[in-house]
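Peer 1: Here it is: the structure, laid out below.
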Amino acid sequence: MKSKLIVIEGLDGSGKATQTKLLADKLTSMGRTVRKLEFPDYDSPSSSLVKMYLNGDFGKNPEDVNAYAASAFYAVDRAASYLKNWKNDCNNGSVILCDRYCTSNIIYQMSKVKNDERDGFIEWQSDFEYNKLGLPVPDAVIYLDVDLDVSQRLMEKRYGGDKSKMDLHEQNVKFLRECRESAVYATQKCGWIKIDCCENGDIKSIKKIAAEIEKVVFDILKP
Ligand SMILES: Nc1ncnc2c1ncn2[C@@H]1O[C@H](COP(=O)(O)OP(=O)(O)OP(=O)(O)O)[C@@H](O)[C@H]1O
Ligand SMILES: [Mg+2]
């Protein structure tokens with residue numbers, strides 16, 4: 001059986017960790033070998049530059065580190081993780097489930113470039129991470145689309161109302177709004193599969209979203 005790499009994408013607080021875990025459990029219960037990954041790889045020193053960036057060490061605004069430099073920080077963390085931890089899983093029939101991947105650079109960093117530079121950025125990102133660094137290309141990218149005010153509420157709940165725990169991106173609602181526009185653009189441009197996670201101004205139940213994701217994933221994994 002061929003390994004498959006499936007990415008769960010979305011803005012901060014969109015339910016990626018929740019849904020990746022449920023999907024991993026489901027596929028495991030069906031007898032598939034699942035490798036679940038989360039990026040950035042905060043447990044590894046390879047994420048040091050990302051941590052410095054999100055902590056504001058290079059400036060208090062996301063724009064203080066340009067799209068290409070910040071993308072490189074995230075990309076080398078993924079390359080290190082791939083080489084050290086999951087290269088073999090790409091050839092042993094596993095389902096590799098990623099909570100965020102190279103595609104997060106398209107959401108977060110592409111928002112820093114002008115609209116008419118977006119296609120060029122996507123080409124650069126894809127060439128840099130997949131061709132040059134040698135990271136595997138995803139078989140599918142599932143984008144969890146959540147209204148920004150809804151995901152802000154979920155994040156606040158998670159942080160117990162303490163906004164000081166939020167990182168550079170999470171604190172900046174204007175930036176996140178631009179990131180959502182990038183994500184919508186990329187969904188069209190790059191053929192991501194969009195899951196509408198909201199209805200009537202609120203988030204759908206965890207179970208309902210999980211069922212929609214499963215449907216898509218079963219299709220992808222069909223022999
Ligand atoms: N459908 C849902 N309904 C209600 N609460 C949810 C739903 N999905 C996730 N949550 C809750 O919202 C919070 C954010 O979810 P989660 O951590 O899965 O998101 P995330 O996309 O991984 O966030 P981040 O990008 O910040 O890592 C958590 O407290 C989680 O329990
Ligand atoms: Mg998460």
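Ordering of the structure tokens sets the chain letters (A, B, ...), residue numbers begin anew at 1 in every chain, and ligands are numbered from 1 in the order given.
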Can you pull out every residue with an atom within 7 Å of ligand 1? Use only C-alpha atoms and all ligand atoms and format it as a PDB file with all heavy atoms, in the first residue's frame.

Peer 2:
ATOM      1  N   GLY A  10      -5.788  25.227   8.630  1.00  0.00           N
ATOM      2  CA  GLY A  10      -6.782  26.180   9.110  1.00  0.00           C
ATOM      3  C   GLY A  10      -6.100  27.244   9.928  1.00  0.00           C
ATOM      4  O   GLY A  10      -4.943  27.090  10.319  1.00  0.00           O
ATOM      5  N   LEU A  11      -6.836  28.301  10.191  1.00  0.00           N
ATOM      6  CA  LEU A  11      -6.277  29.379  11.010  1.00  0.00           C
ATOM      7  C   LEU A  11      -6.193  28.937  12.467  1.00  0.00           C
ATOM      8  O   LEU A  11      -6.674  27.865  12.828  1.00  0.00           O
ATOM      9  CB  LEU A  11      -7.144  30.627  10.868  1.00  0.00           C
ATOM     10  CG  LEU A  11      -7.071  31.300   9.496  1.00  0.00           C
ATOM     11  CD1 LEU A  11      -8.123  32.392   9.383  1.00  0.00           C
ATOM     12  CD2 LEU A  11      -5.698  31.908   9.264  1.00  0.00           C
ATOM     13  N   ASP A  12      -5.601  29.796  13.278  1.00  0.00           N
ATOM     14  CA  ASP A  12      -5.471  29.497  14.712  1.00  0.00           C
ATOM     15  C   ASP A  12      -6.853  29.216  15.320  1.00  0.00           C
ATOM     16  O   ASP A  12      -7.805  29.950  15.050  1.00  0.00           O
ATOM     17  CB  ASP A  12      -4.847  30.697  15.426  1.00  0.00           C
ATOM     18  CG  ASP A  12      -3.454  30.991  14.903  1.00  0.00           C
ATOM     19  OD1 ASP A  12      -3.342  31.707  13.889  1.00  0.00           O
ATOM     20  OD2 ASP A  12      -2.497  30.466  15.469  1.00  0.00           O
ATOM     21  N   GLY A  13      -6.919  28.179  16.118  1.00  0.00           N
ATOM     22  CA  GLY A  13      -8.161  27.881  16.827  1.00  0.00           C
ATOM     23  C   GLY A  13      -9.281  27.367  15.944  1.00  0.00           C
ATOM     24  O   GLY A  13     -10.449  27.445  16.310  1.00  0.00           O
ATOM     25  N   SER A  14      -8.947  26.801  14.793  1.00  0.00           N
ATOM     26  CA  SER A  14      -9.998  26.332  13.887  1.00  0.00           C
ATOM     27  C   SER A  14     -10.360  24.865  14.138  1.00  0.00           C
ATOM     28  O   SER A  14     -11.244  24.328  13.469  1.00  0.00           O
ATOM     29  CB  SER A  14      -9.570  26.533  12.427  1.00  0.00           C
ATOM     30  OG  SER A  14      -8.340  25.892  12.188  1.00  0.00           O
ATOM     31  N   GLY A  15      -9.679  24.222  15.066  1.00  0.00           N
ATOM     32  CA  GLY A  15     -10.013  22.838  15.401  1.00  0.00           C
ATOM     33  C   GLY A  15      -9.110  21.796  14.770  1.00  0.00           C
ATOM     34  O   GLY A  15      -9.439  20.611  14.752  1.00  0.00           O
ATOM     35  N   LYS A  16      -7.942  22.210  14.308  1.00  0.00           N
ATOM     36  CA  LYS A  16      -7.030  21.273  13.632  1.00  0.00           C
ATOM     37  C   LYS A  16      -6.597  20.135  14.554  1.00  0.00           C
ATOM     38  O   LYS A  16      -6.668  18.965  14.176  1.00  0.00           O
ATOM     39  CB  LYS A  16      -5.774  22.008  13.120  1.00  0.00           C
ATOM     40  CG  LYS A  16      -6.071  23.081  12.098  1.00  0.00           C
ATOM     41  CD  LYS A  16      -4.807  23.784  11.654  1.00  0.00           C
ATOM     42  CE  LYS A  16      -4.080  24.493  12.776  1.00  0.00           C
ATOM     43  NZ  LYS A  16      -4.845  25.593  13.406  1.00  0.00           N
ATOM     44  N   ALA A  17      -6.138  20.486  15.759  1.00  0.00           N
ATOM     45  CA  ALA A  17      -5.643  19.450  16.674  1.00  0.00           C
ATOM     46  C   ALA A  17      -6.770  18.486  17.033  1.00  0.00           C
ATOM     47  O   ALA A  17      -6.593  17.257  17.020  1.00  0.00           O
ATOM     48  CB  ALA A  17      -5.068  20.095  17.931  1.00  0.00           C
ATOM     49  N   THR A  18      -7.937  19.047  17.321  1.00  0.00           N
ATOM     50  CA  THR A  18      -9.107  18.237  17.692  1.00  0.00           C
ATOM     51  C   THR A  18      -9.438  17.252  16.567  1.00  0.00           C
ATOM     52  O   THR A  18      -9.625  16.057  16.808  1.00  0.00           O
ATOM     53  CB  THR A  18     -10.326  19.174  17.917  1.00  0.00           C
ATOM     54  OG1 THR A  18      -9.948  20.175  18.859  1.00  0.00           O
ATOM     55  CG2 THR A  18     -11.537  18.422  18.396  1.00  0.00           C
ATOM     56  N   GLN A  19      -9.504  17.747  15.350  1.00  0.00           N
ATOM     57  CA  GLN A  19      -9.924  16.906  14.230  1.00  0.00           C
ATOM     58  C   GLN A  19      -8.833  15.937  13.782  1.00  0.00           C
ATOM     59  O   GLN A  19      -9.138  14.810  13.372  1.00  0.00           O
ATOM     60  CB  GLN A  19     -10.385  17.782  13.052  1.00  0.00           C
ATOM     61  CG  GLN A  19     -11.645  18.590  13.341  1.00  0.00           C
ATOM     62  CD  GLN A  19     -12.855  17.712  13.656  1.00  0.00           C
ATOM     63  OE1 GLN A  19     -12.933  16.550  13.260  1.00  0.00           O
ATOM     64  NE2 GLN A  19     -13.806  18.268  14.406  1.00  0.00           N
ATOM     65  N   LEU A 154     -13.053  30.550  20.354  1.00  0.00           N
ATOM     66  CA  LEU A 154     -12.543  29.224  20.738  1.00  0.00           C
ATOM     67  C   LEU A 154     -11.154  29.353  21.361  1.00  0.00           C
ATOM     68  O   LEU A 154     -10.833  28.694  22.350  1.00  0.00           O
ATOM     69  CB  LEU A 154     -12.468  28.301  19.513  1.00  0.00           C
ATOM     70  CG  LEU A 154     -13.797  27.846  18.909  1.00  0.00           C
ATOM     71  CD1 LEU A 154     -13.546  26.972  17.699  1.00  0.00           C
ATOM     72  CD2 LEU A 154     -14.633  27.098  19.929  1.00  0.00           C
ATOM     73  N   MET A 155     -10.334  30.226  20.757  1.00  0.00           N
ATOM     74  CA  MET A 155      -8.975  30.398  21.280  1.00  0.00           C
ATOM     75  C   MET A 155      -8.982  31.012  22.667  1.00  0.00           C
ATOM     76  O   MET A 155      -8.250  30.613  23.549  1.00  0.00           O
ATOM     77  CB  MET A 155      -8.176  31.301  20.335  1.00  0.00           C
ATOM     78  CG  MET A 155      -7.187  30.525  19.518  1.00  0.00           C
ATOM     79  SD  MET A 155      -5.991  31.571  18.724  1.00  0.00           S
ATOM     80  CE  MET A 155      -6.978  32.740  17.858  1.00  0.00           C
ATOM     81  N   LYS A 157     -11.272  30.748  24.817  1.00  0.00           N
ATOM     82  CA  LYS A 157     -11.720  29.712  25.744  1.00  0.00           C
ATOM     83  C   LYS A 157     -10.521  28.833  26.134  1.00  0.00           C
ATOM     84  O   LYS A 157     -10.292  28.532  27.298  1.00  0.00           O
ATOM     85  CB  LYS A 157     -12.816  28.873  25.070  1.00  0.00           C
ATOM     86  CG  LYS A 157     -13.696  28.121  26.046  1.00  0.00           C
ATOM     87  CD  LYS A 157     -14.879  27.446  25.342  1.00  0.00           C
ATOM     88  CE  LYS A 157     -14.493  26.151  24.669  1.00  0.00           C
ATOM     89  NZ  LYS A 157     -15.550  25.498  23.918  1.00  0.00           N
ATOM     90  N   ARG A 158      -9.739  28.485  25.108  1.00  0.00           N
ATOM     91  CA  ARG A 158      -8.604  27.603  25.370  1.00  0.00           C
ATOM     92  C   ARG A 158      -7.575  28.261  26.282  1.00  0.00           C
ATOM     93  O   ARG A 158      -6.970  27.621  27.127  1.00  0.00           O
ATOM     94  CB  ARG A 158      -7.952  27.178  24.052  1.00  0.00           C
ATOM     95  CG  ARG A 158      -6.928  26.082  24.258  1.00  0.00           C
ATOM     96  CD  ARG A 158      -6.268  25.683  22.978  1.00  0.00           C
ATOM     97  NE  ARG A 158      -5.712  26.823  22.301  1.00  0.00           N
ATOM     98  CZ  ARG A 158      -5.254  26.788  21.056  1.00  0.00           C
ATOM     99  NH1 ARG A 158      -5.346  25.689  20.364  1.00  0.00           N
ATOM    100  NH2 ARG A 158      -4.734  27.853  20.512  1.00  0.00           N
ATOM    101  N   ILE A 203     -19.830  27.561  15.476  1.00  0.00           N
ATOM    102  CA  ILE A 203     -19.092  26.394  14.996  1.00  0.00           C
ATOM    103  C   ILE A 203     -20.002  25.162  15.004  1.00  0.00           C
ATOM    104  O   ILE A 203     -20.825  25.009  15.906  1.00  0.00           O
ATOM    105  CB  ILE A 203     -17.821  26.168  15.871  1.00  0.00           C
ATOM    106  CG1 ILE A 203     -16.893  25.095  15.288  1.00  0.00           C
ATOM    107  CG2 ILE A 203     -18.173  25.825  17.319  1.00  0.00           C
ATOM    108  CD1 ILE A 203     -15.686  25.621  14.633  1.00  0.00           C
ATOM    109  N   LYS A 204     -19.867  24.327  13.989  1.00  0.00           N
ATOM    110  CA  LYS A 204     -20.602  23.061  13.985  1.00  0.00           C
ATOM    111  C   LYS A 204     -20.043  22.175  15.088  1.00  0.00           C
ATOM    112  O   LYS A 204     -18.931  22.406  15.583  1.00  0.00           O
ATOM    113  CB  LYS A 204     -20.414  22.354  12.639  1.00  0.00           C
ATOM    114  CG  LYS A 204     -21.065  23.051  11.454  1.00  0.00           C
ATOM    115  CD  LYS A 204     -20.763  22.251  10.176  1.00  0.00           C
ATOM    116  CE  LYS A 204     -21.245  22.965   8.935  1.00  0.00           C
ATOM    117  NZ  LYS A 204     -20.725  22.332   7.697  1.00  0.00           N
ATOM    118  N   SER A 205     -20.768  21.117  15.422  1.00  0.00           N
ATOM    119  CA  SER A 205     -20.272  20.236  16.483  1.00  0.00           C
ATOM    120  C   SER A 205     -18.996  19.532  15.998  1.00  0.00           C
ATOM    121  O   SER A 205     -18.789  19.341  14.787  1.00  0.00           O
ATOM    122  CB  SER A 205     -21.326  19.193  16.854  1.00  0.00           C
ATOM    123  OG  SER A 205     -21.419  18.218  15.831  1.00  0.00           O
ATOM    124  N   ILE A 206     -18.183  19.141  16.951  1.00  0.00           N
ATOM    125  CA  ILE A 206     -16.936  18.433  16.646  1.00  0.00           C
ATOM    126  C   ILE A 206     -17.249  17.170  15.826  1.00  0.00           C
ATOM    127  O   ILE A 206     -16.575  16.861  14.847  1.00  0.00           O
ATOM    128  CB  ILE A 206     -16.194  18.089  17.964  1.00  0.00           C
ATOM    129  CG1 ILE A 206     -15.657  19.379  18.605  1.00  0.00           C
ATOM    130  CG2 ILE A 206     -15.080  17.076  17.733  1.00  0.00           C
ATOM    131  CD1 ILE A 206     -15.001  19.203  19.962  1.00  0.00           C
ATOM    132  N   ILE A 209     -18.265  17.968  12.100  1.00  0.00           N
ATOM    133  CA  ILE A 209     -17.090  18.318  11.281  1.00  0.00           C
ATOM    134  C   ILE A 209     -16.268  17.053  11.011  1.00  0.00           C
ATOM    135  O   ILE A 209     -15.815  16.826   9.891  1.00  0.00           O
ATOM    136  CB  ILE A 209     -16.244  19.405  11.983  1.00  0.00           C
ATOM    137  CG1 ILE A 209     -17.060  20.697  12.147  1.00  0.00           C
ATOM    138  CG2 ILE A 209     -14.961  19.683  11.197  1.00  0.00           C
ATOM    139  CD1 ILE A 209     -16.438  21.712  13.090  1.00  0.00           C
TER     140      ILE A 209
END

Peer 1: Name the residues of stretch 10-219 of chain A that come out as helix (DSSP H, G or I) in a backbone DSSP run; write them as number ranges by chain.

Peer 2: A: 16-29, 45-55, 62-64, 67-86, 88-91, 103-108, 110-112, 115-132, 148-158, 163-165, 173-190, 206-219

Peer 1: Which residues, written as a list in words, have at least one atom at most 7 Å from stretch 22-24 of chain A, with only C-alpha atoms counted and residues fewer than 3 positions away on the same chain left out?

Peer 2: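 Non-adjacent residues within range: Thr18, Gln19, Leu27, Thr28, Val34, Lys36 and Glu214 of chain A.
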
Peer 1: Compare A:Phe218, A:Trp192, A:Tyr101, A:Trp124 by their minimum atom-to-atom distance to ligand 2, counting only C-alpha atoms and all ligand atoms, and give me the closest one.

Peer 2: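 Once distances to ligand 2 are computed over only C-alpha atoms and all ligand atoms, the minimum belongs to A:Tyr101.
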
Peer 1: Name the closest residue to ligand 2 among the candidates A:Asn85, A:Glu170, A:Val141, A:Lys26; distances are taken between atoms, counting only C-alpha atoms and all ligand atoms.

Peer 2: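 That would be A:Glu170, the residue with the smallest distance to ligand 2.
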
Peer 1: Give the answer as one residue: which of A:Asp162, A:Thr103, A:Glu9, A:Val95 has the shortest atom-to-atom distance to A:Gly31, using only C-alpha atoms?

Peer 2: A:Val95

Peer 1: A:Ser71: which residues within 7 Å, counting only C-alpha atoms, same-chain residues fewer than 3 positions away excluded, as a list of chain:residue names?

Peer 2: A:Ala67, A:Tyr68, A:Tyr74, A:Ala75, A:Asn105, A:Gln109

Peer 1: Please provide as a tab-separated table (two decimals) with N, CA and C atoms, in the first residue's frame all residues within 12 Å of A:Val137, with the sequence filter that same-chain residues fewer than 4 positions apart are discarded (counting only C-alpha atoms).

Peer 2:
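What landed in around-v6.tsv:
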chain	number	residue	atom	x	y	z
A	3	SER	N	1.99	4.99	0.91
A	3	SER	CA	1.75	5.97	1.98
A	3	SER	C	0.99	7.15	1.41
A	4	LYS	N	0.23	7.80	2.29
A	4	LYS	CA	-0.50	9.02	1.88
A	4	LYS	C	-0.22	10.10	2.90
A	5	LEU	N	-0.07	11.30	2.42
A	5	LEU	CA	0.16	12.44	3.31
A	5	LEU	C	-1.05	13.38	3.23
A	6	ILE	N	-1.75	13.48	4.35
A	6	ILE	CA	-2.96	14.31	4.38
A	6	ILE	C	-2.75	15.44	5.38
A	7	VAL	N	-3.05	16.65	4.95
A	7	VAL	CA	-2.81	17.83	5.79
A	7	VAL	C	-4.14	18.40	6.26
A	90	CYS	N	7.07	7.49	4.72
A	90	CYS	CA	6.59	7.85	3.38
A	90	CYS	C	6.62	6.65	2.43
A	96	ILE	N	0.05	9.52	6.79
A	96	ILE	CA	0.71	10.57	7.55
A	96	ILE	C	-0.27	11.73	7.67
A	98	CYS	N	-0.94	15.41	9.05
A	98	CYS	CA	-0.24	16.60	9.54
A	98	CYS	C	-1.21	17.67	9.99
A	101	TYR	N	1.20	22.13	7.79
A	101	TYR	CA	2.32	21.65	6.98
A	101	TYR	C	2.85	22.84	6.18
A	102	CYS	N	3.57	22.57	5.12
A	102	CYS	CA	4.13	23.64	4.26
A	102	CYS	C	3.03	24.63	3.84
A	103	THR	N	1.83	24.11	3.73
A	103	THR	CA	0.68	24.93	3.32
A	103	THR	C	0.39	26.08	4.30
A	125	GLN	N	7.27	29.03	-2.77
A	125	GLN	CA	7.10	28.18	-1.58
A	125	GLN	C	7.16	26.71	-1.98
A	126	SER	N	6.44	26.38	-3.04
A	126	SER	CA	6.34	25.01	-3.46
A	126	SER	C	7.70	24.51	-3.98
A	127	ASP	N	8.37	25.35	-4.75
A	127	ASP	CA	9.69	24.96	-5.26
A	127	ASP	C	10.69	24.80	-4.10
A	128	PHE	N	10.68	25.75	-3.17
A	128	PHE	CA	11.62	25.73	-2.04
A	128	PHE	C	11.40	24.51	-1.16
A	129	GLU	N	10.18	24.30	-0.70
A	129	GLU	CA	9.96	23.23	0.28
A	129	GLU	C	9.91	21.84	-0.34
A	130	TYR	N	9.22	21.71	-1.48
A	130	TYR	CA	9.06	20.37	-2.06
A	130	TYR	C	10.25	20.00	-2.96
A	131	ASN	N	10.64	20.90	-3.86
A	131	ASN	CA	11.72	20.55	-4.79
A	131	ASN	C	13.09	20.68	-4.15
A	132	LYS	N	13.35	21.80	-3.50
A	132	LYS	CA	14.70	22.04	-3.00
A	132	LYS	C	14.96	21.34	-1.67
A	133	LEU	N	14.07	21.52	-0.68
A	133	LEU	CA	14.29	20.87	0.61
A	133	LEU	C	13.91	19.39	0.58
A	141	VAL	N	-5.02	18.41	0.92
A	141	VAL	CA	-5.00	19.44	1.96
A	141	VAL	C	-6.45	19.76	2.30

Peer 1: A:Tyr185, A:Phe39, A:Phe58, A:Phe175: which is nearest A:Leu97, counting only C-alpha atoms?

Peer 2: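 Under the stated criterion, the closest residue is A:Phe39.
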